[in-house]
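Trainee: Got model35.txt for you, compact mmCIF, C-alpha atoms:
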```txt
# COMPACT_ATOMS: atom_id res chain seq x y z
CA MET A 1 -42.81 -6.71 -26.82
CA ARG A 2 -41.47 -10.23 -26.80
CA THR A 3 -38.57 -9.10 -28.99
CA THR A 4 -37.77 -6.39 -26.48
CA ARG A 5 -37.57 -9.00 -23.75
CA TYR A 6 -35.34 -11.24 -25.85
CA LEU A 7 -33.07 -8.31 -26.47
CA ALA A 8 -33.02 -7.54 -22.77
CA VAL A 9 -32.07 -11.14 -21.98
CA ALA A 10 -29.34 -11.07 -24.59
CA ALA A 11 -28.05 -7.77 -23.24
CA VAL A 12 -27.84 -9.13 -19.70
CA ALA A 13 -26.06 -12.24 -20.92
CA LEU A 14 -23.56 -10.18 -22.91
CA ALA A 15 -23.00 -7.76 -20.03
CA ALA A 16 -22.13 -10.71 -17.82
CA CYS A 17 -19.71 -11.89 -20.46
CA GLN A 18 -18.14 -8.43 -20.86
CA ALA A 19 -17.09 -8.66 -17.24
CA SER A 20 -15.57 -11.75 -18.83
CA GLU A 21 -13.09 -13.85 -16.88
CA THR A 22 -12.93 -13.84 -13.12
CA GLN A 23 -9.47 -13.66 -11.58
CA GLU A 24 -9.62 -17.40 -10.96
CA GLN A 25 -10.65 -18.16 -14.53
CA MET A 26 -7.86 -15.98 -15.87
CA GLN A 27 -5.29 -17.64 -13.65
CA ALA A 28 -6.51 -21.11 -14.67
CA ARG A 29 -6.38 -20.14 -18.35
CA ILE A 30 -2.87 -18.69 -18.01
CA ARG A 31 -1.75 -21.89 -16.24
CA ALA A 32 -3.19 -24.02 -19.06
CA GLU A 33 -1.69 -21.82 -21.79
CA SER A 34 1.67 -21.80 -19.98
CA ASP A 35 1.66 -25.61 -19.77
CA SER A 36 1.00 -26.03 -23.46
CA ALA A 37 3.57 -23.36 -24.42
CA ARG A 38 6.05 -25.08 -22.13
CA ALA A 39 5.72 -28.39 -23.97
CA LEU A 40 6.52 -26.68 -27.29
CA ILE A 41 9.31 -24.57 -25.77
CA GLU A 42 10.95 -27.68 -24.34
CA GLN A 43 10.97 -29.19 -27.82
CA ALA A 44 12.45 -25.95 -29.14
CA ALA A 45 15.18 -26.04 -26.47
CA ALA A 46 16.15 -29.57 -27.50
CA ALA A 47 16.12 -28.56 -31.19
CA PHE A 48 18.32 -25.54 -30.37
CA GLY A 49 20.93 -27.87 -28.83
CA ARG A 50 20.88 -30.19 -31.85
CA LEU A 51 21.27 -27.27 -34.29
CA VAL A 52 24.22 -25.87 -32.32
CA SER A 53 25.95 -29.28 -32.35
CA ALA A 54 25.33 -29.52 -36.10
CA GLY A 55 26.66 -25.97 -36.63
CA HIS A 56 23.45 -24.84 -38.37
CA ALA A 57 23.36 -21.05 -37.91
CA ASP A 58 20.71 -20.72 -40.65
CA SER A 59 18.25 -23.02 -38.90
CA LEU A 60 18.96 -21.40 -35.53
CA ALA A 61 18.01 -18.02 -37.01
CA LEU A 62 14.67 -19.45 -38.18
CA MET A 63 13.72 -20.10 -34.55
CA TYR A 64 13.57 -16.30 -34.15
CA ALA A 65 10.89 -13.87 -35.35
CA GLU A 66 11.78 -11.84 -38.46
CA ASN A 67 12.49 -8.71 -36.42
CA ALA A 68 13.82 -10.47 -33.31
CA VAL A 69 16.62 -9.10 -31.15
CA LEU A 70 19.45 -11.37 -29.98
CA MET A 71 21.25 -9.95 -26.96
CA PRO A 72 24.53 -11.81 -26.43
CA PRO A 73 26.91 -10.83 -23.62
CA ASN A 74 29.83 -8.54 -24.41
CA MET A 75 28.72 -7.55 -27.87
CA PRO A 76 26.02 -5.25 -29.22
CA PRO A 77 22.56 -6.70 -29.86
CA ALA A 78 21.81 -8.29 -33.25
CA THR A 79 18.47 -7.24 -34.76
CA GLY A 80 16.70 -9.27 -37.44
CA ARG A 81 17.18 -12.82 -38.68
CA ALA A 82 20.11 -12.01 -40.99
CA ALA A 83 22.10 -10.38 -38.18
CA ILE A 84 21.15 -13.23 -35.82
CA ARG A 85 22.38 -15.83 -38.34
CA GLU A 86 25.69 -13.95 -38.71
CA THR A 87 26.10 -13.78 -34.94
CA PHE A 88 25.55 -17.53 -34.52
CA ALA A 89 27.82 -18.28 -37.48
CA GLY A 90 30.55 -16.22 -35.81
CA MET A 91 30.08 -18.00 -32.48
CA LEU A 92 30.06 -21.45 -34.05
CA ALA A 93 33.22 -20.71 -36.06
CA GLY A 94 35.26 -20.97 -32.85
CA GLY A 95 35.15 -24.78 -32.91
CA PRO A 96 32.74 -27.66 -32.25
CA THR A 97 30.19 -26.38 -29.74
CA THR A 98 27.50 -27.94 -27.56
CA VAL A 99 24.72 -26.10 -25.74
CA HIS A 100 22.29 -27.65 -23.30
CA LEU A 101 19.26 -25.57 -22.35
CA ALA A 102 17.31 -26.47 -19.20
CA VAL A 103 13.89 -24.80 -19.34
CA GLY A 104 12.95 -23.23 -16.00
CA SER A 105 9.72 -21.23 -15.78
CA VAL A 106 7.35 -20.55 -18.68
CA VAL A 107 4.48 -18.05 -18.45
CA ALA A 108 2.19 -17.62 -21.47
CA ASN A 109 -0.84 -15.40 -22.04
CA GLY A 110 -2.34 -15.47 -25.51
CA PRO A 111 0.33 -14.72 -28.12
CA ILE A 112 3.15 -13.83 -25.72
CA ALA A 113 5.27 -16.01 -23.45
CA ILE A 114 8.32 -15.61 -21.24
CA GLU A 115 10.75 -18.44 -20.60
CA SER A 116 13.63 -18.44 -18.18
CA GLY A 117 16.18 -21.19 -17.88
CA ARG A 118 19.79 -22.23 -17.56
CA TYR A 119 22.40 -23.05 -20.19
CA HIS A 120 25.56 -25.07 -20.19
CA MET A 121 27.94 -24.88 -23.12
CA THR A 122 31.25 -26.30 -24.23
CA MET A 123 33.49 -25.34 -27.13
CA GLN A 124 36.57 -27.10 -28.42
CA PRO A 125 38.89 -24.64 -30.16
CA PRO A 126 41.63 -26.05 -32.42
CA ALA A 127 44.28 -27.99 -30.44
CA PRO A 128 46.29 -27.39 -28.36
CA ALA A 129 43.82 -24.89 -26.83
CA PRO A 130 41.83 -26.44 -23.99
CA ALA A 131 38.06 -26.88 -24.22
CA MET A 132 36.05 -23.93 -22.92
CA THR A 133 32.94 -24.33 -20.78
CA ASP A 134 30.39 -21.84 -19.54
CA SER A 135 27.13 -21.94 -17.56
CA GLY A 136 24.57 -19.29 -16.93
CA LYS A 137 20.99 -18.13 -17.19
CA TYR A 138 18.74 -16.81 -19.93
CA LEU A 139 15.40 -15.08 -20.51
CA VAL A 140 13.42 -15.37 -23.76
CA HIS A 141 10.41 -13.39 -24.92
CA TRP A 142 8.40 -15.64 -27.24
CA HIS A 143 5.78 -14.46 -29.67
CA ARG A 144 3.21 -16.69 -31.37
CA VAL A 145 2.75 -15.74 -35.03
CA ASP A 146 0.37 -17.75 -37.24
CA GLY A 147 0.27 -20.52 -34.64
CA ALA A 148 4.06 -20.90 -34.33
CA TRP A 149 6.12 -19.72 -31.36
CA ARG A 150 9.22 -17.73 -32.32
CA MET A 151 11.79 -15.99 -30.13
CA ALA A 152 11.32 -12.21 -30.23
CA GLU A 153 14.03 -11.31 -27.68
CA ASP A 154 16.73 -13.60 -26.29
CA ILE A 155 19.28 -12.60 -23.64
CA TRP A 156 21.70 -14.57 -21.50
CA ASN A 157 24.69 -14.11 -19.24
CA SER A 158 27.27 -16.25 -17.49
CA ASP A 159 27.33 -17.26 -13.83
CA VAL A 160 31.14 -17.33 -13.99
CA PRO A 161 33.08 -14.32 -12.64
CA VAL A 162 35.18 -12.45 -15.18
CA GLU A 163 38.84 -13.21 -14.59
CA ALA A 164 40.68 -10.13 -13.48
CA PRO A 165 43.43 -9.28 -15.96
CA ALA A 166 46.64 -10.94 -14.76
CA PRO A 167 48.88 -8.24 -13.31
CA ALA A 168 51.86 -7.62 -15.57
CA ARG A 169 54.91 -9.02 -13.87
CA ARG A 170 57.86 -6.70 -13.59
CA ARG A 171 61.26 -7.30 -12.14
CA MET B 1 -42.00 -22.28 -23.10
CA ARG B 2 -41.16 -18.59 -22.98
CA THR B 3 -38.45 -19.34 -20.42
CA THR B 4 -36.97 -21.88 -22.79
CA ARG B 5 -36.79 -19.25 -25.50
CA TYR B 6 -35.15 -16.74 -23.14
CA LEU B 7 -32.59 -19.36 -22.22
CA ALA B 8 -31.97 -20.09 -25.88
CA VAL B 9 -31.41 -16.39 -26.57
CA ALA B 10 -29.06 -16.12 -23.62
CA ALA B 11 -27.18 -19.24 -24.77
CA VAL B 12 -26.71 -17.85 -28.27
CA ALA B 13 -25.51 -14.52 -26.87
CA LEU B 14 -23.06 -16.25 -24.56
CA ALA B 15 -21.81 -18.56 -27.32
CA ALA B 16 -21.05 -15.50 -29.45
CA CYS B 17 -19.15 -14.04 -26.54
CA GLN B 18 -17.21 -17.27 -25.92
CA ALA B 19 -15.73 -16.86 -29.39
CA SER B 20 -14.76 -13.59 -27.69
CA GLU B 21 -12.09 -11.34 -29.22
CA THR B 22 -11.25 -11.32 -32.88
CA GLN B 23 -7.55 -11.21 -33.77
CA GLU B 24 -7.90 -7.48 -34.46
CA GLN B 25 -9.61 -6.82 -31.14
CA MET B 26 -6.94 -8.78 -29.29
CA GLN B 27 -4.15 -6.88 -31.01
CA ALA B 28 -5.82 -3.53 -30.27
CA ARG B 29 -6.29 -4.54 -26.62
CA ILE B 30 -2.66 -5.66 -26.31
CA ARG B 31 -1.50 -2.37 -27.85
CA ALA B 32 -3.60 -0.38 -25.37
CA GLU B 33 -2.44 -2.49 -22.40
CA SER B 34 1.18 -2.19 -23.56
CA ASP B 35 0.89 1.60 -23.79
CA SER B 36 -0.48 1.94 -20.29
CA ALA B 37 2.08 -0.53 -18.87
CA ARG B 38 4.81 1.41 -20.67
CA ALA B 39 3.84 4.68 -18.95
CA LEU B 40 4.17 2.99 -15.53
CA ILE B 41 7.35 1.15 -16.49
CA GLU B 42 8.99 4.40 -17.63
CA GLN B 43 8.21 5.88 -14.21
CA ALA B 44 9.71 2.76 -12.62
CA ALA B 45 12.86 3.10 -14.74
CA ALA B 46 13.33 6.69 -13.57
CA ALA B 47 12.70 5.65 -9.95
CA PHE B 48 15.26 2.84 -10.33
CA GLY B 49 17.89 5.36 -11.38
CA ARG B 50 17.11 7.66 -8.45
CA LEU B 51 17.28 4.76 -5.95
CA VAL B 52 20.65 3.64 -7.33
CA SER B 53 22.06 7.17 -7.01
CA ALA B 54 20.73 7.32 -3.45
CA GLY B 55 22.23 3.89 -2.65
CA HIS B 56 18.87 2.48 -1.51
CA ALA B 57 19.18 -1.28 -1.94
CA ASP B 58 16.09 -1.84 0.25
CA SER B 59 13.82 0.24 -1.94
CA LEU B 60 15.27 -1.27 -5.11
CA ALA B 61 14.36 -4.74 -3.80
CA LEU B 62 10.75 -3.60 -3.27
CA MET B 63 10.42 -3.03 -7.02
CA TYR B 64 10.68 -6.82 -7.42
CA ALA B 65 8.04 -9.48 -6.71
CA GLU B 66 8.49 -11.45 -3.47
CA ASN B 67 9.85 -14.48 -5.32
CA ALA B 68 11.56 -12.60 -8.15
CA VAL B 69 14.82 -13.71 -9.74
CA LEU B 70 17.62 -11.21 -10.37
CA MET B 71 20.07 -12.45 -13.02
CA PRO B 72 23.21 -10.30 -12.93
CA PRO B 73 26.14 -11.06 -15.26
CA ASN B 74 29.05 -13.11 -13.93
CA MET B 75 27.40 -14.20 -10.73
CA PRO B 76 24.71 -16.75 -9.87
CA PRO B 77 21.07 -15.60 -9.89
CA ALA B 78 19.58 -14.10 -6.71
CA THR B 79 16.12 -15.44 -5.84
CA GLY B 80 13.71 -13.58 -3.55
CA ARG B 81 13.68 -10.02 -2.25
CA ALA B 82 16.18 -10.59 0.55
CA ALA B 83 18.78 -12.02 -1.83
CA ILE B 84 18.06 -9.25 -4.36
CA ARG B 85 18.56 -6.58 -1.68
CA GLU B 86 21.90 -8.18 -0.69
CA THR B 87 23.01 -8.28 -4.32
CA PHE B 88 22.24 -4.58 -4.85
CA ALA B 89 23.86 -3.68 -1.54
CA GLY B 90 27.02 -5.48 -2.67
CA MET B 91 27.02 -3.73 -6.04
CA LEU B 92 26.41 -0.29 -4.52
CA ALA B 93 29.20 -0.79 -1.96
CA GLY B 94 31.78 -0.33 -4.73
CA GLY B 95 31.33 3.44 -4.73
CA PRO B 96 28.86 6.13 -5.85
CA THR B 97 26.92 4.65 -8.77
CA THR B 98 24.57 6.00 -11.41
CA VAL B 99 22.32 3.93 -13.69
CA HIS B 100 20.27 5.32 -16.55
CA LEU B 101 17.64 2.99 -18.03
CA ALA B 102 16.24 3.76 -21.50
CA VAL B 103 13.02 1.80 -21.96
CA GLY B 104 12.83 0.18 -25.41
CA SER B 105 9.88 -2.07 -26.22
CA VAL B 106 7.07 -2.97 -23.80
CA VAL B 107 4.52 -5.70 -24.51
CA ALA B 108 1.77 -6.35 -21.96
CA ASN B 109 -1.11 -8.81 -21.96
CA GLY B 110 -3.23 -8.92 -18.82
CA PRO B 111 -1.04 -9.43 -15.76
CA ILE B 112 2.23 -10.06 -17.60
CA ALA B 113 4.54 -7.70 -19.45
CA ILE B 114 7.96 -7.82 -21.05
CA GLU B 115 10.24 -4.80 -21.25
CA SER B 116 13.51 -4.54 -23.10
CA GLY B 117 15.84 -1.60 -22.98
CA ARG B 118 19.34 -0.27 -22.62
CA TYR B 119 21.32 0.74 -19.54
CA HIS B 120 24.27 3.02 -19.01
CA MET B 121 26.06 3.02 -15.68
CA THR B 122 28.97 4.71 -13.99
CA MET B 123 30.71 3.91 -10.73
CA GLN B 124 33.36 5.91 -8.90
CA PRO B 125 35.51 3.63 -6.72
CA PRO B 126 37.66 5.22 -4.00
CA ALA B 127 40.46 7.39 -5.48
CA PRO B 128 42.85 6.99 -7.14
CA ALA B 129 40.94 4.30 -9.08
CA PRO B 130 39.40 5.69 -12.26
CA ALA B 131 35.60 5.84 -12.75
CA MET B 132 34.13 2.75 -14.38
CA THR B 133 31.45 2.93 -17.06
CA ASP B 134 29.38 0.24 -18.72
CA SER B 135 26.56 0.08 -21.28
CA GLY B 136 24.38 -2.78 -22.35
CA LYS B 137 20.92 -4.25 -22.73
CA TYR B 138 18.31 -5.78 -20.44
CA LEU B 139 15.09 -7.75 -20.47
CA VAL B 140 12.53 -7.66 -17.63
CA HIS B 141 9.54 -9.91 -17.04
CA TRP B 142 6.96 -7.84 -15.15
CA HIS B 143 4.02 -9.26 -13.24
CA ARG B 144 1.02 -7.27 -12.05
CA VAL B 145 -0.03 -8.27 -8.54
CA ASP B 146 -2.94 -6.48 -6.81
CA GLY B 147 -2.77 -3.70 -9.40
CA ALA B 148 0.96 -3.01 -9.02
CA TRP B 149 3.62 -4.01 -11.55
CA ARG B 150 6.63 -5.74 -10.02
CA MET B 151 9.69 -7.23 -11.69
CA ALA B 152 9.55 -11.04 -11.65
CA GLU B 153 12.74 -11.69 -13.64
CA ASP B 154 15.45 -9.18 -14.53
CA ILE B 155 18.51 -9.94 -16.65
CA TRP B 156 21.12 -7.76 -18.33
CA ASN B 157 24.51 -7.94 -20.00
CA SER B 158 27.17 -5.58 -21.26
CA ASP B 159 27.82 -4.56 -24.86
CA VAL B 160 31.51 -4.17 -23.99
CA PRO B 161 33.91 -6.99 -24.93
CA VAL B 162 35.66 -8.70 -22.03
CA GLU B 163 39.29 -7.61 -21.92
CA ALA B 164 41.57 -10.53 -22.59
CA PRO B 165 43.83 -11.12 -19.57
CA ALA B 166 47.03 -9.15 -20.12
CA PRO B 167 49.80 -11.59 -21.05
CA ALA B 168 52.30 -11.92 -18.24
CA ARG B 169 55.50 -10.17 -19.30
CA ARG B 170 58.67 -12.18 -18.94
CA ARG B 171 62.20 -11.17 -19.71
```
Before anything else, please render the file you have as structure tokens.
Mentor:
Amino acid sequence: MRTTRYLAVAAVALAACQASETQEQMQARIRAESDSARALIEQAAAAFGRLVSAGHADSLALMYAENAVLMPPNMPPATGRAAIRETFAGMLAGGPTTVHLAVGSVVANGPIAIESGRYHMTMQPPAPAPAMTDSGKYLVHWHRVDGAWRMAEDIWNSDVPVEAPAPARRR
Amino acid sequence: MRTTRYLAVAAVALAACQASETQEQMQARIRAESDSARALIEQAAAAFGRLVSAGHADSLALMYAENAVLMPPNMPPATGRAAIRETFAGMLAGGPTTVHLAVGSVVANGPIAIESGRYHMTMQPPAPAPAMTDSGKYLVHWHRVDGAWRMAEDIWNSDVPVEAPAPARRR
């Protein structure tokens, strides 16, 4: 009889917990998780900039999940770390490059997070070509695997209008 | 005394529930939530295509959250529904346009989801200009508000290389 009552009490307690988080609790938890993901993502953004300056395509690729998809503008997507490393190696072969990432919003819930932000980049091709600069926006889907955040999908595009092809001059 | 024991039983039950989901349970829940978000997002992708064909910038903007950010290539981001509506109106003013969205991966956890996919678009400017086509990739951050999924951030870029400006011909 007493056991039955204990079980009843346990059942009520567990039923209350099945209803689990209230909306407010969930929102508070997501805020807390987003804040702690943000701190790590800001470190990752700084590391990304250092690795670009150092020309380290290999280490850049390790910031991505094994089966990640890199989505650069004006070329097909690169799927998987090997393809991502090749893509960065190709980009960095153009000349000394700098990238600055400014983290904007970060939303995390459990093992997934979304970061948006802005980038500014410069590249110095061999002289006498002038330095190139570009600025734009990006969105990254992060995935936490074994406690480490890795980029699963990474896409960006420029704010700068495409120059219309110069009209061929004829006389 | 009996009350104390009931409380102890309830405390143990609740402690077990605090430990909450196992990894496996979480992954199963995320898979289930992703599947049901995907079904709705595929409907949204089809609706997006219909609204583009119909030239309905107003209705397109309603698919976005109030404070959403649209991140089109080669122009600055548009923040908020009014700016998003203006951006679509500007794009659709170029001529009859079609967009086909092919949903790729969808990951959802609670009120957030991330969708990646591919787009194919055509636009017919006033004759005699030829039809323009473009294909590329996109990433969308979805947010569920009051039971409805809305786009919070939407970015895309083309797979097609930018044409180098035609060299000016001189004789």
Trainee: Rank B:Arg81, B:Arg29, B:His56, B:Arg50 by their smallest atom-to-atom distance to chain A, using all atoms listed in the file, and report the top residue only.
Mentor: B:Arg29
Trainee: Do you have the CA of Pro111 (chain A)-CA of Ile114 (chain B) distance handy?
Mentor: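 Computing it gives 12.5 Å between the two atoms.
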Trainee: Which of these residues is nearest to chain A, using all atoms listed in the file: B:Ile155, B:Ala131, B:Ala54, B:Leu62?
Mentor: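 Closest to chain A of all the choices is B:Ile155.
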Trainee: Can I have chain A aligned to chain B? Use a least-squares fit on all Cα atoms paired in order and write it out as a CSV table (one decimal) with C-alpha atoms, keeping the file's coordinate frame.
Mentor:
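Just written: superposed.csv:
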```csv
chain,number,residue,atom,x,y,z
A,1,MET,CA,-42.3,-21.5,-24.2
A,2,ARG,CA,-41.3,-17.9,-24.0
A,3,THR,CA,-38.8,-18.8,-21.4
A,4,THR,CA,-37.3,-21.4,-23.7
A,5,ARG,CA,-36.9,-18.7,-26.3
A,6,TYR,CA,-35.3,-16.3,-23.9
A,7,LEU,CA,-32.9,-19.0,-22.9
A,8,ALA,CA,-32.1,-19.8,-26.5
A,9,VAL,CA,-31.4,-16.1,-27.2
A,10,ALA,CA,-29.1,-15.9,-24.1
A,11,ALA,CA,-27.3,-19.1,-25.2
A,12,VAL,CA,-26.6,-17.7,-28.6
A,13,ALA,CA,-25.4,-14.5,-27.2
A,14,LEU,CA,-23.1,-16.3,-24.7
A,15,ALA,CA,-21.8,-18.6,-27.4
A,16,ALA,CA,-20.9,-15.6,-29.5
A,17,CYS,CA,-19.1,-14.2,-26.5
A,18,GLN,CA,-17.3,-17.5,-25.8
A,19,ALA,CA,-15.6,-17.2,-29.2
A,20,SER,CA,-14.7,-14.0,-27.4
A,21,GLU,CA,-12.1,-11.7,-28.9
A,22,THR,CA,-11.3,-11.7,-32.6
A,23,GLN,CA,-7.6,-11.5,-33.5
A,24,GLU,CA,-8.0,-7.8,-34.2
A,25,GLN,CA,-9.7,-7.1,-30.8
A,26,MET,CA,-7.0,-9.1,-29.0
A,27,GLN,CA,-4.2,-7.2,-30.8
A,28,ALA,CA,-5.9,-3.8,-30.0
A,29,ARG,CA,-6.4,-4.8,-26.4
A,30,ILE,CA,-2.7,-5.9,-26.1
A,31,ARG,CA,-1.6,-2.6,-27.6
A,32,ALA,CA,-3.7,-0.6,-25.2
A,33,GLU,CA,-2.5,-2.7,-22.2
A,34,SER,CA,1.1,-2.4,-23.4
A,35,ASP,CA,0.8,1.4,-23.6
A,36,SER,CA,-0.6,1.7,-20.1
A,37,ALA,CA,2.0,-0.7,-18.7
A,38,ARG,CA,4.7,1.3,-20.5
A,39,ALA,CA,3.8,4.5,-18.8
A,40,LEU,CA,4.1,2.9,-15.4
A,41,ILE,CA,7.3,1.0,-16.4
A,42,GLU,CA,8.9,4.3,-17.5
A,43,GLN,CA,8.2,5.8,-14.1
A,44,ALA,CA,9.7,2.7,-12.5
A,45,ALA,CA,12.8,3.0,-14.7
A,46,ALA,CA,13.3,6.6,-13.5
A,47,ALA,CA,12.7,5.6,-9.9
A,48,PHE,CA,15.3,2.8,-10.3
A,49,GLY,CA,17.9,5.4,-11.4
A,50,ARG,CA,17.1,7.7,-8.4
A,51,LEU,CA,17.3,4.8,-5.9
A,52,VAL,CA,20.7,3.7,-7.3
A,53,SER,CA,22.0,7.2,-7.0
A,54,ALA,CA,20.8,7.4,-3.5
A,55,GLY,CA,22.3,4.0,-2.7
A,56,HIS,CA,18.9,2.6,-1.5
A,57,ALA,CA,19.3,-1.2,-1.9
A,58,ASP,CA,16.2,-1.8,0.3
A,59,SER,CA,13.9,0.3,-1.9
A,60,LEU,CA,15.4,-1.2,-5.0
A,61,ALA,CA,14.5,-4.7,-3.7
A,62,LEU,CA,10.9,-3.6,-3.1
A,63,MET,CA,10.5,-3.0,-6.9
A,64,TYR,CA,10.8,-6.8,-7.3
A,65,ALA,CA,8.2,-9.5,-6.5
A,66,GLU,CA,8.7,-11.4,-3.3
A,67,ASN,CA,10.0,-14.5,-5.1
A,68,ALA,CA,11.7,-12.6,-8.0
A,69,VAL,CA,14.9,-13.7,-9.6
A,70,LEU,CA,17.7,-11.2,-10.3
A,71,MET,CA,20.1,-12.4,-12.9
A,72,PRO,CA,23.3,-10.3,-12.9
A,73,PRO,CA,26.2,-11.0,-15.2
A,74,ASN,CA,29.1,-13.0,-13.9
A,75,MET,CA,27.5,-14.1,-10.7
A,76,PRO,CA,24.8,-16.7,-9.8
A,77,PRO,CA,21.2,-15.5,-9.8
A,78,ALA,CA,19.7,-14.0,-6.6
A,79,THR,CA,16.3,-15.4,-5.7
A,80,GLY,CA,13.9,-13.5,-3.4
A,81,ARG,CA,13.8,-10.0,-2.1
A,82,ALA,CA,16.4,-10.5,0.7
A,83,ALA,CA,19.0,-11.9,-1.7
A,84,ILE,CA,18.2,-9.2,-4.2
A,85,ARG,CA,18.7,-6.5,-1.6
A,86,GLU,CA,22.1,-8.1,-0.6
A,87,THR,CA,23.1,-8.2,-4.3
A,88,PHE,CA,22.3,-4.5,-4.8
A,89,ALA,CA,24.0,-3.5,-1.5
A,90,GLY,CA,27.1,-5.3,-2.7
A,91,MET,CA,27.1,-3.6,-6.0
A,92,LEU,CA,26.5,-0.2,-4.5
A,93,ALA,CA,29.3,-0.6,-2.0
A,94,GLY,CA,31.8,-0.2,-4.8
A,95,GLY,CA,31.4,3.6,-4.8
A,96,PRO,CA,28.9,6.3,-5.9
A,97,THR,CA,26.9,4.8,-8.8
A,98,THR,CA,24.5,6.1,-11.5
A,99,VAL,CA,22.3,4.0,-13.7
A,100,HIS,CA,20.2,5.3,-16.6
A,101,LEU,CA,17.6,3.0,-18.0
A,102,ALA,CA,16.1,3.7,-21.5
A,103,VAL,CA,12.9,1.7,-21.9
A,104,GLY,CA,12.7,0.1,-25.3
A,105,SER,CA,9.8,-2.2,-26.1
A,106,VAL,CA,7.0,-3.1,-23.6
A,107,VAL,CA,4.5,-5.9,-24.3
A,108,ALA,CA,1.7,-6.5,-21.8
A,109,ASN,CA,-1.1,-9.0,-21.7
A,110,GLY,CA,-3.2,-9.1,-18.5
A,111,PRO,CA,-1.0,-9.6,-15.5
A,112,ILE,CA,2.3,-10.2,-17.3
A,113,ALA,CA,4.5,-7.8,-19.2
A,114,ILE,CA,8.0,-8.0,-20.9
A,115,GLU,CA,10.2,-4.9,-21.1
A,116,SER,CA,13.4,-4.7,-23.0
A,117,GLY,CA,15.7,-1.7,-22.9
A,118,ARG,CA,19.2,-0.3,-22.6
A,119,TYR,CA,21.3,0.7,-19.6
A,120,HIS,CA,24.2,3.0,-19.0
A,121,MET,CA,26.0,3.1,-15.7
A,122,THR,CA,28.9,4.8,-14.1
A,123,MET,CA,30.7,4.0,-10.8
A,124,GLN,CA,33.3,6.1,-9.0
A,125,PRO,CA,35.5,3.8,-6.9
A,126,PRO,CA,37.7,5.5,-4.2
A,127,ALA,CA,40.5,7.6,-5.7
A,128,PRO,CA,42.9,7.2,-7.4
A,129,ALA,CA,40.9,4.5,-9.3
A,130,PRO,CA,39.3,5.9,-12.5
A,131,ALA,CA,35.6,6.0,-12.9
A,132,MET,CA,34.1,2.9,-14.5
A,133,THR,CA,31.4,3.0,-17.1
A,134,ASP,CA,29.3,0.3,-18.8
A,135,SER,CA,26.5,0.1,-21.3
A,136,GLY,CA,24.3,-2.8,-22.3
A,137,LYS,CA,20.9,-4.3,-22.7
A,138,TYR,CA,18.3,-5.8,-20.4
A,139,LEU,CA,15.1,-7.8,-20.3
A,140,VAL,CA,12.5,-7.7,-17.5
A,141,HIS,CA,9.6,-10.0,-16.9
A,142,TRP,CA,7.0,-7.9,-15.0
A,143,HIS,CA,4.1,-9.4,-13.0
A,144,ARG,CA,1.1,-7.4,-11.8
A,145,VAL,CA,0.1,-8.4,-8.3
A,146,ASP,CA,-2.8,-6.6,-6.5
A,147,GLY,CA,-2.7,-3.8,-9.2
A,148,ALA,CA,1.0,-3.1,-8.8
A,149,TRP,CA,3.6,-4.1,-11.4
A,150,ARG,CA,6.7,-5.8,-9.8
A,151,MET,CA,9.8,-7.3,-11.5
A,152,ALA,CA,9.6,-11.1,-11.5
A,153,GLU,CA,12.8,-11.7,-13.5
A,154,ASP,CA,15.5,-9.2,-14.4
A,155,ILE,CA,18.5,-10.0,-16.6
A,156,TRP,CA,21.1,-7.8,-18.3
A,157,ASN,CA,24.5,-8.0,-20.0
A,158,SER,CA,27.1,-5.6,-21.3
A,159,ASP,CA,27.7,-4.6,-24.9
A,160,VAL,CA,31.4,-4.1,-24.0
A,161,PRO,CA,33.9,-7.0,-25.0
A,162,VAL,CA,35.6,-8.6,-22.1
A,163,GLU,CA,39.3,-7.5,-22.0
A,164,ALA,CA,41.5,-10.4,-22.8
A,165,PRO,CA,43.9,-11.0,-19.8
A,166,ALA,CA,47.1,-9.1,-20.5
A,167,PRO,CA,49.8,-11.6,-21.5
A,168,ALA,CA,52.4,-11.9,-18.7
A,169,ARG,CA,55.5,-10.2,-19.9
A,170,ARG,CA,58.7,-12.3,-19.6
A,171,ARG,CA,62.2,-11.4,-20.5
```
Trainee: Restricting the calculation to only C-alpha atoms, which member of B:Ala102, B:Ala47, B:Met91, B:Leu70 is positioned closest to chain A?
Mentor: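 Between B:Ala102, B:Ala47, B:Met91, B:Leu70, the residue approaching chain A most closely is B:Leu70.
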Trainee: Counting all atoms listed in the file, which residue out of A:Glu42, A:Ser59, A:Ala93, A:Ala65 sits closest to Asp146 (chain A)?
Mentor: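 Looking at the shortest contact to Asp146 (chain A), the residue is A:Ala65.
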Trainee: So how many Å separate CA of Ala89 (chain B) and CA of Val145 (chain B), to one decimal?
Mentor: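 Computing it gives 25.3 Å between the two atoms.
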Trainee: So, counting all atoms listed in the file, which residue among A:Ala39, A:Leu139, A:Ala46, A:Ala57 is closest to Phe88 (chain A)?
Mentor: A:Ala57
Trainee: Can you work out which one of A:Asn157, A:Gln25, A:Ser116, A:Ser105 has the shortest atom-to-atom distance to Val140 (chain A), counting all atoms listed in the file?
Mentor: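 Residue with the minimum atom-to-atom distance to Val140 (chain A): A:Ser116.
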Trainee: Work out how far apart CA of Gly136 (chain B) and CA of Asp159 (chain B) are and give it in Å to one decimal.
Mentor: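 Taking CA of Gly136 (chain B) as the start and CA of Asp159 (chain B) as the end point, the length is 4.6 Å.
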Trainee: Counting only C-alpha atoms, which residues sit no farther than 10 Å from the position (4.1, -8.8, -13.4) in the file's frame? I'd like them as a list in words.
Mentor: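 The residues near that point, listed by chain and number, are Tyr64, Ala65, Ala68, Ala108, Gly110, Pro111, Ile112, Ala113, Ile114, Val140, His141, Trp142, His143, Arg144, Val145, Asp146, Gly147, Ala148, Trp149, Arg150, Met151, Ala152 and Glu153 of chain B.
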